[in-house]
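**Student:** Okay, here's the structure, questions in a sec.
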Amino acid sequence: MQECMIARFIFIVGVFGGLISCKSGLECQETLFVPSTSFFSDISAQSGIRQDNYVLAPAASIPINDHSRLAFADMNGDGFDDIVMHSLFPNPQAGIPFEHLVFVNDGAGGFSDFSDASGLRDVQSGFFAFGDVDNDGDQDIFSGLDISYGTHTHQILLNDGQGHFSVRANSGVETLTRAAANAVFADFDGDAHLDLYVGMGGTTMAVPDVLLLGVGDGSFTNASNQLAGNAAQPSNGTTTCDYDNDGDLDIFVSTYGVSINSGLNILWENNAGSFVNTAVDKNFASQATGNTYLEATGYGTTIEPDKAPGTFMGSNGFGIDCDDFNNDGNMDIFLSTISHPVASDYKRTWSDPTQLLLNLGPSQNYTFANVSQLRHIPFNEGDVDGAMIDFDNDGLIDLSLSRDKKYEKNYEDIEQKAWFALLHQQSDGTFQNLGPSSGINALDAEVSASLSVCASDADCSESQEQCFKEKCRHPCTTSADCGAPEELCHSGGFCKIFARMKNAQNHAWSDIDQDGDVDLLVGGRDTGGGRPNFLFRNEIGSQNRWLAFVIEGDGEHVSRDAFGTRLSLKGTDISLLREKKSSRGMYNSEDTRVLHFGLGVLPCAYEIEVRWPDGAQATFQASDLSEQKYYRLSYPDQLQEIK
């Protein structure tokens with residue numbers, strides 16, 4: 001078997017040569033297809049995911065008219081990721097109940113509404129966390145409530161295997177403080193039953209987080225006493241990974257608000273099922289420097305004066321993800337924050353902006369180093385949800401960021417505007433923002449109306465225009481009435497540009513059509529008048545080499561979800577690591593649980609090492625596999641091609 005030449009010949013999107021995948025006796029792919037422009041396509045309208053995303057009735061008065069919290073999960077067990085979308089917390093206080101939309105994947109990139117049939121539409125909670133809590137082979141739900149709301153409580157919802165859900169009574173979650181902002185499933189104590197960590201408070205209150213141990217029948221017992229020194233602090237995002245390579249899952253918590261405990265983040269290091277916060281020692285709690293956009297901090301090069309680790313100002317944290325971005329076998333962290341560059345305010349001067357934290361490995365006791373500026377991560381005041389993913393299958397982890405638009409008026413540079421960021425890792429380890437050119441954003445979209453100033457319809461001389469909010473616009477009852485490609489129908493009854501893809505809330509990645517690359521779902525955050533969600537099909541990743549693995553435990557030695565299972569693809573000049581996790585970030589953005597390996601022009605000679613959560617191991621050679629395929633890997637060593 002020959003190895004690939006590492007030369008990278010750049011082709012623009014749309015020019016596809018003959019792709020030669022690796023298989024015994026064949027040469028490797030020598031051409032890497034590199035993203036240029038418009039390598040994502042907006043398939044939101046034709047996909048079917050926009051039904052009921054927002055209320056169009058002009059008389060409707062809804063504080064936030066969207067369903068921008070969202071996740072992927074295979075709810076009906078057919079092997080394709082479905083979509084769930086949630087409305088936001090201000091609505092119930094205004095007499096408008098929570099609502100959840102469910103869309104079932106048809107396997108070809110299309111979705112159908114399943115909200116009522118699932119039994120989930122009217123569940124009164126802010127978000128869902130998915131996991132097989134009773135080891136019966138389907139995805140159940142922790143339904144988390146983030147406000148005090150009548151007699152409603154958190155719930156466990158059990159799946160019948162077909163995507164229909166019912167309440168599991170007396171599950172042990174009902175009495176928790178109604179301030180759940182995020183949650184993550186994992187088997188923390190190694191008994192093959194899923195446990196649950198609930199991050200409390202979000203951006204609104206300081207409440208201690210909760211650790212619940214699973215019994216295995218859908219019920220849980222409270223084990224928060226195993227969180228040593230568990231403080232009351234707003235937790236805005238959580239994720240898990242084995243950062244210290246000791247075989248168990250640790251918990252990373254993104255906290256919100258430098259006004260509470262200086263915004264120090266939390267790292268719960270797992271020690272045989274009990275936890276110690278090692279965030280300060282590992283340089284995760286806070287960074288020594290401050291806001292990188294201020295001269296007062298030397299633009300992020302000056303150490304905060306008269307401070308030390310544990311007393312440096314932390315962050316207003318939001319999203320958080322864990323992956324090995326530099327392919328050294330150690331799990332790194334991407335933490336998205338909102339950081340305000342205000343030199344007159346000490347806390348804002350020294351609060352930490354979005355961080356890429358490099359795990360320095362065993363030689364330096366798995367301490368993290370902030371390499372954000374070294375790797376060219378741009379400053380943006382409105383970073384919220386962040387993810388780590390290899391979108392183009394070149395073998396290098398990329399970064400994605402949802403951004404809030406409320407701060408962008410203070411800036412002129414496009415990097416500080418609120419467009420969705422897609423940070424593509426370069427061969428030298430730096431990142432380039434391809435978001436503006438990716439097809440995800442529509443920077444030049446224009447409304448078809450004249451927008452002339454008016455006081456009544458009589459002032460509008462252009463054909464079919466009427467006066468709305470003192471401007472001449474086109475009336476509509478549905479988005480099909482609007483003329484320009486980027487226009488949608490506003491709840492006020494007129495066509496409007498919805499600024500694709502500014503002001504995003506949660507986002508999530510999944511290969512919705514199983515062509516080998518991950519596609520993008522983004523929550524459109526409403527700022528008045530309603531806003532739908534967006535779905536983008538990846539047009540480039542499948543042109544490069546890839547492998548995908550569905551991981552299944554046996555329910556006896558390893559939980560059926562097998563969170564924490566590691567796959568390491570190793571060979572000459574290759575070291576790629578993927579680890580299965582349940583969720584990440586704020587309000588539970590959930591990406592596909594399938595482990596994807598982008599191989600690009602990497603050598604064809606490799607092996608895949610498996611490490612299960614109970615320590616069992618298996619190894620597969622490249623000759624056992626055909627690339628551009630999906631495989632099911634079942635505990636402990638069964639490998640089956642499924643697509």
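A note on labels: chains of the structure tokens are A, B, ... as shown, every chain counts residues from 1, and ligands are counted from 1 in their shown order.
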Which residues of stretch 145-179 of chain A have any atom within 10 Å of an atom in stretch 222-232 of chain A when counting only C-alpha atoms, and what is the closest pair of atoms for each, with the distance in Å to one decimal? Order the rows by chain and rising number and write it as a tab-separated table.
**Tutor:**
```
residue	atom	partner	partner_atom	distance
A:Gly172	CA	A:Asn222	CA	7.5
A:Val173	CA	A:Asn222	CA	8.5
A:Leu176	CA	A:Asn222	CA	9.3
```
**Student:** Any chance you could export the current selection's C-alpha atoms as a compact mmCIF listing (two decimals), in the first residue's frame?
**Tutor:**
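The resulting file, result.txt, is shown below:
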```
# COMPACT_ATOMS: atom_id res chain seq x y z
CA GLY A 172 -35.36 11.96 40.84
CA VAL A 173 -35.01 15.15 38.78
CA LEU A 176 -34.11 20.11 41.47
```
**Student:** Find the residues of stretch 312-343 of chain A that sit at most 10 Å from stretch 350-353 of chain A; for each, write down the nearest two atoms and how far apart they are in Å, to one decimal. Count only C-alpha atoms. Sort by chain, then by number going up, and give it as JSON lines.
**Tutor:**
```
{"residue": "A:Phe312", "atom": "CA", "partner": "A:Trp350", "partner_atom": "CA", "distance": 8.0}
{"residue": "A:Met313", "atom": "CA", "partner": "A:Ser351", "partner_atom": "CA", "distance": 5.5}
{"residue": "A:Gly314", "atom": "CA", "partner": "A:Ser351", "partner_atom": "CA", "distance": 5.5}
{"residue": "A:Ser315", "atom": "CA", "partner": "A:Asp352", "partner_atom": "CA", "distance": 4.8}
{"residue": "A:Asn316", "atom": "CA", "partner": "A:Ser351", "partner_atom": "CA", "distance": 7.4}
{"residue": "A:Gly317", "atom": "CA", "partner": "A:Pro353", "partner_atom": "CA", "distance": 8.7}
{"residue": "A:Leu335", "atom": "CA", "partner": "A:Pro353", "partner_atom": "CA", "distance": 8.7}
{"residue": "A:Ser336", "atom": "CA", "partner": "A:Pro353", "partner_atom": "CA", "distance": 7.4}
{"residue": "A:Thr337", "atom": "CA", "partner": "A:Pro353", "partner_atom": "CA", "distance": 5.6}
{"residue": "A:Ile338", "atom": "CA", "partner": "A:Pro353", "partner_atom": "CA", "distance": 6.4}
{"residue": "A:Ser339", "atom": "CA", "partner": "A:Pro353", "partner_atom": "CA", "distance": 5.0}
{"residue": "A:His340", "atom": "CA", "partner": "A:Ser351", "partner_atom": "CA", "distance": 7.7}
{"residue": "A:Pro341", "atom": "CA", "partner": "A:Ser351", "partner_atom": "CA", "distance": 8.6}
{"residue": "A:Val342", "atom": "CA", "partner": "A:Trp350", "partner_atom": "CA", "distance": 9.2}
{"residue": "A:Ala343", "atom": "CA", "partner": "A:Trp350", "partner_atom": "CA", "distance": 8.8}
```
**Student:** Export N, CA, C and O atoms of the chosen residues as a PDB file, in the first residue's frame?
**Tutor:**
```pdb
ATOM      1  N   PHE A 312      -6.991  36.038  38.676  1.00  0.00           N
ATOM      2  CA  PHE A 312      -7.182  36.714  37.392  1.00  0.00           C
ATOM      3  C   PHE A 312      -8.670  36.773  37.067  1.00  0.00           C
ATOM      4  O   PHE A 312      -9.428  35.856  37.388  1.00  0.00           O
ATOM      5  N   MET A 313      -9.093  37.871  36.421  1.00  0.00           N
ATOM      6  CA  MET A 313     -10.484  38.002  36.014  1.00  0.00           C
ATOM      7  C   MET A 313     -10.821  36.921  34.994  1.00  0.00           C
ATOM      8  O   MET A 313     -10.039  36.637  34.089  1.00  0.00           O
ATOM      9  N   GLY A 314     -12.000  36.324  35.142  1.00  0.00           N
ATOM     10  CA  GLY A 314     -12.431  35.255  34.248  1.00  0.00           C
ATOM     11  C   GLY A 314     -13.229  35.788  33.076  1.00  0.00           C
ATOM     12  O   GLY A 314     -12.837  36.755  32.439  1.00  0.00           O
ATOM     13  N   SER A 315     -14.373  35.156  32.805  1.00  0.00           N
ATOM     14  CA  SER A 315     -15.072  35.478  31.569  1.00  0.00           C
ATOM     15  C   SER A 315     -16.586  35.448  31.740  1.00  0.00           C
ATOM     16  O   SER A 315     -17.118  34.925  32.720  1.00  0.00           O
ATOM     17  N   ASN A 316     -17.260  36.030  30.740  1.00  0.00           N
ATOM     18  CA  ASN A 316     -18.694  35.874  30.565  1.00  0.00           C
ATOM     19  C   ASN A 316     -18.880  34.723  29.572  1.00  0.00           C
ATOM     20  O   ASN A 316     -19.056  34.937  28.371  1.00  0.00           O
ATOM     21  N   GLY A 317     -18.801  33.496  30.072  1.00  0.00           N
ATOM     22  CA  GLY A 317     -18.734  32.337  29.204  1.00  0.00           C
ATOM     23  C   GLY A 317     -20.085  31.923  28.650  1.00  0.00           C
ATOM     24  O   GLY A 317     -21.122  32.062  29.299  1.00  0.00           O
ATOM     25  N   LEU A 335     -13.664  27.806  24.002  1.00  0.00           N
ATOM     26  CA  LEU A 335     -14.592  28.473  24.911  1.00  0.00           C
ATOM     27  C   LEU A 335     -14.999  29.812  24.309  1.00  0.00           C
ATOM     28  O   LEU A 335     -14.155  30.692  24.118  1.00  0.00           O
ATOM     29  N   SER A 336     -16.285  29.964  23.990  1.00  0.00           N
ATOM     30  CA  SER A 336     -16.775  31.217  23.413  1.00  0.00           C
ATOM     31  C   SER A 336     -17.344  32.106  24.509  1.00  0.00           C
ATOM     32  O   SER A 336     -18.094  31.639  25.372  1.00  0.00           O
ATOM     33  N   THR A 337     -16.988  33.380  24.464  1.00  0.00           N
ATOM     34  CA  THR A 337     -17.411  34.317  25.503  1.00  0.00           C
ATOM     35  C   THR A 337     -17.842  35.642  24.888  1.00  0.00           C
ATOM     36  O   THR A 337     -17.481  35.971  23.758  1.00  0.00           O
ATOM     37  N   ILE A 338     -18.592  36.400  25.666  1.00  0.00           N
ATOM     38  CA  ILE A 338     -18.846  37.804  25.346  1.00  0.00           C
ATOM     39  C   ILE A 338     -17.926  38.645  26.222  1.00  0.00           C
ATOM     40  O   ILE A 338     -17.983  38.557  27.451  1.00  0.00           O
ATOM     41  N   SER A 339     -17.071  39.404  25.578  1.00  0.00           N
ATOM     42  CA  SER A 339     -16.098  40.227  26.302  1.00  0.00           C
ATOM     43  C   SER A 339     -16.203  41.660  25.799  1.00  0.00           C
ATOM     44  O   SER A 339     -16.058  41.913  24.599  1.00  0.00           O
ATOM     45  N   HIS A 340     -16.453  42.593  26.713  1.00  0.00           N
ATOM     46  CA  HIS A 340     -16.694  43.987  26.348  1.00  0.00           C
ATOM     47  C   HIS A 340     -15.410  44.809  26.501  1.00  0.00           C
ATOM     48  O   HIS A 340     -14.891  44.953  27.612  1.00  0.00           O
ATOM     49  N   PRO A 341     -14.898  45.381  25.418  1.00  0.00           N
ATOM     50  CA  PRO A 341     -13.668  46.176  25.514  1.00  0.00           C
ATOM     51  C   PRO A 341     -13.933  47.588  26.033  1.00  0.00           C
ATOM     52  O   PRO A 341     -14.093  48.541  25.273  1.00  0.00           O
ATOM     53  N   VAL A 342     -14.002  47.709  27.364  1.00  0.00           N
ATOM     54  CA  VAL A 342     -14.283  49.000  28.001  1.00  0.00           C
ATOM     55  C   VAL A 342     -13.150  49.292  28.986  1.00  0.00           C
ATOM     56  O   VAL A 342     -13.093  48.712  30.079  1.00  0.00           O
ATOM     57  N   ALA A 343     -12.257  50.176  28.608  1.00  0.00           N
ATOM     58  CA  ALA A 343     -11.075  50.440  29.425  1.00  0.00           C
ATOM     59  C   ALA A 343     -11.415  51.113  30.743  1.00  0.00           C
ATOM     60  O   ALA A 343     -10.649  51.029  31.709  1.00  0.00           O
TER      61      ALA A 343
END
```
**Student:** In Å, rounded to a single decimal, give me how far atom CA of A:Thr565 is from atom CA of A:Glu579.
**Tutor:**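 It comes out at 5.6 Å.
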**Student:** Can you list, as a list in words, every protein, DNA or RNA residue that comes within 9 Å of A:Ala169 when you count only C-alpha atoms, leaving out same-chain residues fewer than 4 positions away?
**Tutor:**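 Here the qualifying residues turn out to be Gln155, Ile156, Leu157, Glu174 and Ser219 of chain A.
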**Student:** Ranking A:Ile96, A:Ala183, A:Cys476, A:Val610 by minimum distance to A:Asp637 and counting only C-alpha atoms, which one comes first?
**Tutor:**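 Using only C-alpha atoms, A:Asp637 sits closest to A:Val610.
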**Student:** Please provide the set of residues having any atom within 7 Å of stretch 487-500 of chain A, restricted to only C-alpha atoms, with same-chain residues fewer than 5 positions apart removed, written as a list in words.
**Tutor:**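 The filter keeps Val55, Leu56, Ala57, Pro58, Asn441, Ala442, Glu446, Val447, Arg473, His474, Pro475, Cys476, Thr477, Thr478, Ser479, Cys482, Gly529 and Gly530 of chain A.
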**Student:** With DSSP run on the backbone, what are the helix (DSSP H, G or I) residues within stretch 128-344 of chain A? I'd like them as a PyMOL selection string.
**Tutor:** chain A and resi 224-226+261-263+295-297
**Student:** Would you mind exporting N, CA and C atoms of the selected residues as a PDB file, in the first residue's frame?
**Tutor:**
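Below is the file that was written, again.pdb:
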```pdb
ATOM      1  N   SER A 224     -24.564  15.175  44.325  1.00  0.00           N
ATOM      2  CA  SER A 224     -23.853  16.456  44.234  1.00  0.00           C
ATOM      3  C   SER A 224     -22.806  16.623  45.325  1.00  0.00           C
ATOM      4  N   ASN A 225     -22.913  15.846  46.413  1.00  0.00           N
ATOM      5  CA  ASN A 225     -21.895  15.912  47.462  1.00  0.00           C
ATOM      6  C   ASN A 225     -20.543  15.399  46.970  1.00  0.00           C
ATOM      7  N   GLN A 226     -20.509  14.770  45.810  1.00  0.00           N
ATOM      8  CA  GLN A 226     -19.246  14.313  45.235  1.00  0.00           C
ATOM      9  C   GLN A 226     -18.542  15.405  44.434  1.00  0.00           C
ATOM     10  N   ASN A 261     -17.862  35.502  41.574  1.00  0.00           N
ATOM     11  CA  ASN A 261     -16.628  34.715  41.680  1.00  0.00           C
ATOM     12  C   ASN A 261     -15.671  35.027  40.546  1.00  0.00           C
ATOM     13  N   SER A 262     -15.671  36.272  40.098  1.00  0.00           N
ATOM     14  CA  SER A 262     -14.790  36.760  39.034  1.00  0.00           C
ATOM     15  C   SER A 262     -14.931  35.985  37.730  1.00  0.00           C
ATOM     16  N   GLY A 263     -16.033  35.267  37.571  1.00  0.00           N
ATOM     17  CA  GLY A 263     -16.244  34.536  36.324  1.00  0.00           C
ATOM     18  C   GLY A 263     -15.270  33.397  36.109  1.00  0.00           C
ATOM     19  N   GLU A 295      -6.004  48.757  24.164  1.00  0.00           N
ATOM     20  CA  GLU A 295      -4.619  49.187  24.364  1.00  0.00           C
ATOM     21  C   GLU A 295      -4.212  49.025  25.821  1.00  0.00           C
ATOM     22  N   ALA A 296      -5.180  49.162  26.737  1.00  0.00           N
ATOM     23  CA  ALA A 296      -4.879  49.076  28.174  1.00  0.00           C
ATOM     24  C   ALA A 296      -4.327  47.722  28.577  1.00  0.00           C
ATOM     25  N   THR A 297      -4.605  46.698  27.818  1.00  0.00           N
ATOM     26  CA  THR A 297      -4.084  45.356  28.110  1.00  0.00           C
ATOM     27  C   THR A 297      -2.916  44.992  27.199  1.00  0.00           C
TER      28      THR A 297
END
```
**Student:** Pick out the residues sitting within 12 Å of A:Asp146, and hand them over as a PDB file with N, CA, C and O atoms, in the first residue's frame; count only C-alpha atoms, and ignore anything fewer than 6 positions along from it in its own chain.
**Tutor:**
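Dumped to result-v4.pdb:
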```pdb
ATOM      1  N   LEU A  88     -37.890  30.161  23.647  1.00  0.00           N
ATOM      2  CA  LEU A  88     -37.046  30.717  24.706  1.00  0.00           C
ATOM      3  C   LEU A  88     -37.835  31.146  25.940  1.00  0.00           C
ATOM      4  O   LEU A  88     -39.050  31.361  25.904  1.00  0.00           O
ATOM      5  N   PHE A  89     -37.113  31.346  27.054  1.00  0.00           N
ATOM      6  CA  PHE A  89     -37.736  31.491  28.369  1.00  0.00           C
ATOM      7  C   PHE A  89     -38.566  32.744  28.608  1.00  0.00           C
ATOM      8  O   PHE A  89     -39.444  32.712  29.467  1.00  0.00           O
ATOM      9  N   PRO A  90     -38.363  33.886  27.912  1.00  0.00           N
ATOM     10  CA  PRO A  90     -39.235  35.022  28.259  1.00  0.00           C
ATOM     11  C   PRO A  90     -40.702  34.782  27.927  1.00  0.00           C
ATOM     12  O   PRO A  90     -41.590  35.414  28.502  1.00  0.00           O
ATOM     13  N   PRO A  92     -43.020  32.235  28.421  1.00  0.00           N
ATOM     14  CA  PRO A  92     -43.991  31.816  29.440  1.00  0.00           C
ATOM     15  C   PRO A  92     -44.374  32.919  30.421  1.00  0.00           C
ATOM     16  O   PRO A  92     -45.526  32.981  30.870  1.00  0.00           O
ATOM     17  N   PHE A  98     -43.921  27.416  26.609  1.00  0.00           N
ATOM     18  CA  PHE A  98     -42.825  26.814  25.861  1.00  0.00           C
ATOM     19  C   PHE A  98     -43.387  25.924  24.750  1.00  0.00           C
ATOM     20  O   PHE A  98     -44.458  25.325  24.877  1.00  0.00           O
ATOM     21  N   GLN A 124     -43.295  21.550  28.934  1.00  0.00           N
ATOM     22  CA  GLN A 124     -42.924  22.860  29.454  1.00  0.00           C
ATOM     23  C   GLN A 124     -41.514  22.823  30.057  1.00  0.00           C
ATOM     24  O   GLN A 124     -41.311  22.567  31.232  1.00  0.00           O
ATOM     25  N   SER A 125     -40.544  23.078  29.175  1.00  0.00           N
ATOM     26  CA  SER A 125     -39.145  23.153  29.597  1.00  0.00           C
ATOM     27  C   SER A 125     -38.373  23.970  28.581  1.00  0.00           C
ATOM     28  O   SER A 125     -38.863  24.239  27.476  1.00  0.00           O
ATOM     29  N   GLY A 126     -37.164  24.338  28.941  1.00  0.00           N
ATOM     30  CA  GLY A 126     -36.362  25.207  28.081  1.00  0.00           C
ATOM     31  C   GLY A 126     -35.469  24.482  27.110  1.00  0.00           C
ATOM     32  O   GLY A 126     -35.097  25.031  26.077  1.00  0.00           O
ATOM     33  N   PHE A 127     -35.072  23.228  27.417  1.00  0.00           N
ATOM     34  CA  PHE A 127     -34.173  22.498  26.534  1.00  0.00           C
ATOM     35  C   PHE A 127     -34.258  21.013  26.849  1.00  0.00           C
ATOM     36  O   PHE A 127     -34.782  20.607  27.894  1.00  0.00           O
ATOM     37  N   PHE A 128     -33.715  20.196  25.953  1.00  0.00           N
ATOM     38  CA  PHE A 128     -33.620  18.761  26.153  1.00  0.00           C
ATOM     39  C   PHE A 128     -32.151  18.330  26.107  1.00  0.00           C
ATOM     40  O   PHE A 128     -31.355  18.901  25.365  1.00  0.00           O
ATOM     41  N   HIS A 152     -44.741  23.328  37.055  1.00  0.00           N
ATOM     42  CA  HIS A 152     -43.924  22.552  36.129  1.00  0.00           C
ATOM     43  C   HIS A 152     -42.549  22.259  36.734  1.00  0.00           C
ATOM     44  O   HIS A 152     -41.981  23.090  37.454  1.00  0.00           O
ATOM     45  N   THR A 153     -42.001  21.098  36.405  1.00  0.00           N
ATOM     46  CA  THR A 153     -40.702  20.673  36.930  1.00  0.00           C
ATOM     47  C   THR A 153     -39.864  20.079  35.805  1.00  0.00           C
ATOM     48  O   THR A 153     -40.333  19.882  34.682  1.00  0.00           O
ATOM     49  N   HIS A 154     -38.588  19.794  36.138  1.00  0.00           N
ATOM     50  CA  HIS A 154     -37.763  18.991  35.243  1.00  0.00           C
ATOM     51  C   HIS A 154     -38.380  17.599  35.125  1.00  0.00           C
ATOM     52  O   HIS A 154     -39.053  17.123  36.051  1.00  0.00           O
ATOM     53  N   LEU A 176     -35.259  19.231  41.656  1.00  0.00           N
ATOM     54  CA  LEU A 176     -34.107  20.110  41.474  1.00  0.00           C
ATOM     55  C   LEU A 176     -34.557  21.558  41.304  1.00  0.00           C
ATOM     56  O   LEU A 176     -35.653  21.837  40.806  1.00  0.00           O
ATOM     57  N   THR A 177     -33.691  22.485  41.709  1.00  0.00           N
ATOM     58  CA  THR A 177     -33.967  23.911  41.503  1.00  0.00           C
ATOM     59  C   THR A 177     -34.293  24.172  40.043  1.00  0.00           C
ATOM     60  O   THR A 177     -33.604  23.680  39.145  1.00  0.00           O
ATOM     61  N   ARG A 178     -35.325  24.956  39.812  1.00  0.00           N
ATOM     62  CA  ARG A 178     -35.742  25.228  38.431  1.00  0.00           C
ATOM     63  C   ARG A 178     -34.889  26.354  37.845  1.00  0.00           C
ATOM     64  O   ARG A 178     -35.333  27.474  37.636  1.00  0.00           O
ATOM     65  N   ALA A 179     -33.653  25.982  37.586  1.00  0.00           N
ATOM     66  CA  ALA A 179     -32.693  26.934  37.018  1.00  0.00           C
ATOM     67  C   ALA A 179     -31.719  26.222  36.090  1.00  0.00           C
ATOM     68  O   ALA A 179     -30.606  26.676  35.872  1.00  0.00           O
ATOM     69  N   ALA A 180     -32.149  25.091  35.519  1.00  0.00           N
ATOM     70  CA  ALA A 180     -31.262  24.300  34.664  1.00  0.00           C
ATOM     71  C   ALA A 180     -31.025  25.026  33.342  1.00  0.00           C
ATOM     72  O   ALA A 180     -31.967  25.354  32.629  1.00  0.00           O
ATOM     73  N   ALA A 181     -29.767  25.265  33.014  1.00  0.00           N
ATOM     74  CA  ALA A 181     -29.417  25.971  31.784  1.00  0.00           C
ATOM     75  C   ALA A 181     -28.768  25.060  30.757  1.00  0.00           C
ATOM     76  O   ALA A 181     -28.707  25.402  29.575  1.00  0.00           O
ATOM     77  N   ASN A 182     -28.265  23.921  31.181  1.00  0.00           N
ATOM     78  CA  ASN A 182     -27.602  22.975  30.293  1.00  0.00           C
ATOM     79  C   ASN A 182     -27.426  21.673  31.049  1.00  0.00           C
ATOM     80  O   ASN A 182     -27.560  21.639  32.277  1.00  0.00           O
ATOM     81  N   ALA A 183     -27.131  20.606  30.346  1.00  0.00           N
ATOM     82  CA  ALA A 183     -26.935  19.318  31.001  1.00  0.00           C
ATOM     83  C   ALA A 183     -26.142  18.418  30.077  1.00  0.00           C
ATOM     84  O   ALA A 183     -26.209  18.553  28.845  1.00  0.00           O
ATOM     85  N   VAL A 198     -26.001  18.592  35.634  1.00  0.00           N
ATOM     86  CA  VAL A 198     -26.875  19.698  35.267  1.00  0.00           C
ATOM     87  C   VAL A 198     -26.216  21.014  35.657  1.00  0.00           C
ATOM     88  O   VAL A 198     -25.953  21.264  36.838  1.00  0.00           O
ATOM     89  N   GLY A 199     -25.938  21.844  34.648  1.00  0.00           N
ATOM     90  CA  GLY A 199     -25.399  23.175  34.882  1.00  0.00           C
ATOM     91  C   GLY A 199     -26.526  24.140  35.200  1.00  0.00           C
ATOM     92  O   GLY A 199     -27.456  24.306  34.403  1.00  0.00           O
ATOM     93  N   MET A 200     -26.434  24.793  36.334  1.00  0.00           N
ATOM     94  CA  MET A 200     -27.521  25.639  36.821  1.00  0.00           C
ATOM     95  C   MET A 200     -27.210  27.135  36.653  1.00  0.00           C
ATOM     96  O   MET A 200     -26.058  27.552  36.765  1.00  0.00           O
ATOM     97  N   GLY A 201     -28.244  27.911  36.419  1.00  0.00           N
ATOM     98  CA  GLY A 201     -28.127  29.363  36.503  1.00  0.00           C
ATOM     99  C   GLY A 201     -28.090  30.090  35.190  1.00  0.00           C
ATOM    100  O   GLY A 201     -28.659  31.162  35.059  1.00  0.00           O
ATOM    101  N   GLY A 202     -27.353  29.556  34.196  1.00  0.00           N
ATOM    102  CA  GLY A 202     -27.261  30.217  32.902  1.00  0.00           C
ATOM    103  C   GLY A 202     -26.669  31.605  33.003  1.00  0.00           C
ATOM    104  O   GLY A 202     -25.570  31.799  33.516  1.00  0.00           O
ATOM    105  N   THR A 203     -27.416  32.595  32.546  1.00  0.00           N
ATOM    106  CA  THR A 203     -26.975  33.988  32.638  1.00  0.00           C
ATOM    107  C   THR A 203     -27.765  34.767  33.678  1.00  0.00           C
ATOM    108  O   THR A 203     -27.652  35.993  33.748  1.00  0.00           O
ATOM    109  N   THR A 204     -28.563  34.068  34.497  1.00  0.00           N
ATOM    110  CA  THR A 204     -29.524  34.794  35.331  1.00  0.00           C
ATOM    111  C   THR A 204     -29.340  34.652  36.835  1.00  0.00           C
ATOM    112  O   THR A 204     -29.755  35.534  37.583  1.00  0.00           O
ATOM    113  N   MET A 205     -28.756  33.538  37.318  1.00  0.00           N
ATOM    114  CA  MET A 205     -28.671  33.373  38.767  1.00  0.00           C
ATOM    115  C   MET A 205     -27.519  32.468  39.162  1.00  0.00           C
ATOM    116  O   MET A 205     -27.030  31.668  38.364  1.00  0.00           O
ATOM    117  N   VAL A 207     -26.473  29.427  41.212  1.00  0.00           N
ATOM    118  CA  VAL A 207     -27.026  28.224  41.842  1.00  0.00           C
ATOM    119  C   VAL A 207     -25.982  27.123  41.719  1.00  0.00           C
ATOM    120  O   VAL A 207     -25.361  26.984  40.664  1.00  0.00           O
ATOM    121  N   PRO A 234     -23.259  30.949  38.229  1.00  0.00           N
ATOM    122  CA  PRO A 234     -24.054  30.695  37.018  1.00  0.00           C
ATOM    123  C   PRO A 234     -23.271  29.852  36.013  1.00  0.00           C
ATOM    124  O   PRO A 234     -22.232  30.287  35.508  1.00  0.00           O
ATOM    125  N   SER A 235     -23.763  28.650  35.720  1.00  0.00           N
ATOM    126  CA  SER A 235     -23.139  27.783  34.722  1.00  0.00           C
ATOM    127  C   SER A 235     -23.879  27.951  33.404  1.00  0.00           C
ATOM    128  O   SER A 235     -25.073  27.685  33.316  1.00  0.00           O
ATOM    129  N   ASN A 236     -23.172  28.357  32.377  1.00  0.00           N
ATOM    130  CA  ASN A 236     -23.815  28.705  31.113  1.00  0.00           C
ATOM    131  C   ASN A 236     -23.566  27.682  30.013  1.00  0.00           C
ATOM    132  O   ASN A 236     -24.173  27.752  28.957  1.00  0.00           O
ATOM    133  N   TYR A 587     -27.355  25.892  26.561  1.00  0.00           N
ATOM    134  CA  TYR A 587     -28.678  25.364  26.218  1.00  0.00           C
ATOM    135  C   TYR A 587     -28.614  24.096  25.371  1.00  0.00           C
ATOM    136  O   TYR A 587     -29.490  23.822  24.569  1.00  0.00           O
TER     137      TYR A 587
END
```
**Student:** Just checking: using only C-alpha atoms, which residue out of A:Leu535, A:Ile64, A:Ala129, A:Leu158 ends up closest to A:Asp195?
**Tutor:**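 Using only C-alpha atoms, A:Asp195 sits closest to A:Ala129.
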**Student:** If you measure from atom CA of A:Asp404 to atom CA of A:Ala504, what distance in Å do you get, rounded to one decimal?
**Tutor:** 6.4 Å
**Student:** With distances taken over only C-alpha atoms, which residue among A:Phe325, A:Phe620, A:Tyr631, A:Tyr366 lies nearest A:His424?
**Tutor:**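 The closest residue to A:His424 is A:Phe325.
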**Student:** Restrict the calculation to only C-alpha atoms, then for each residue of stretch 449-529 of chain A with any atom at most 10 Å from an atom of stretch 622-629 of chain A give the closest atom pair and their distance in Å to one decimal, rows by chain and rising residue number, as JSON lines.
**Tutor:**
```
{"residue": "A:Gln514", "atom": "CA", "partner": "A:Lys629", "partner_atom": "CA", "distance": 9.2}
{"residue": "A:Asp515", "atom": "CA", "partner": "A:Gln628", "partner_atom": "CA", "distance": 8.1}
{"residue": "A:Gly516", "atom": "CA", "partner": "A:Gln628", "partner_atom": "CA", "distance": 6.6}
{"residue": "A:Asp517", "atom": "CA", "partner": "A:Gln628", "partner_atom": "CA", "distance": 9.9}
```
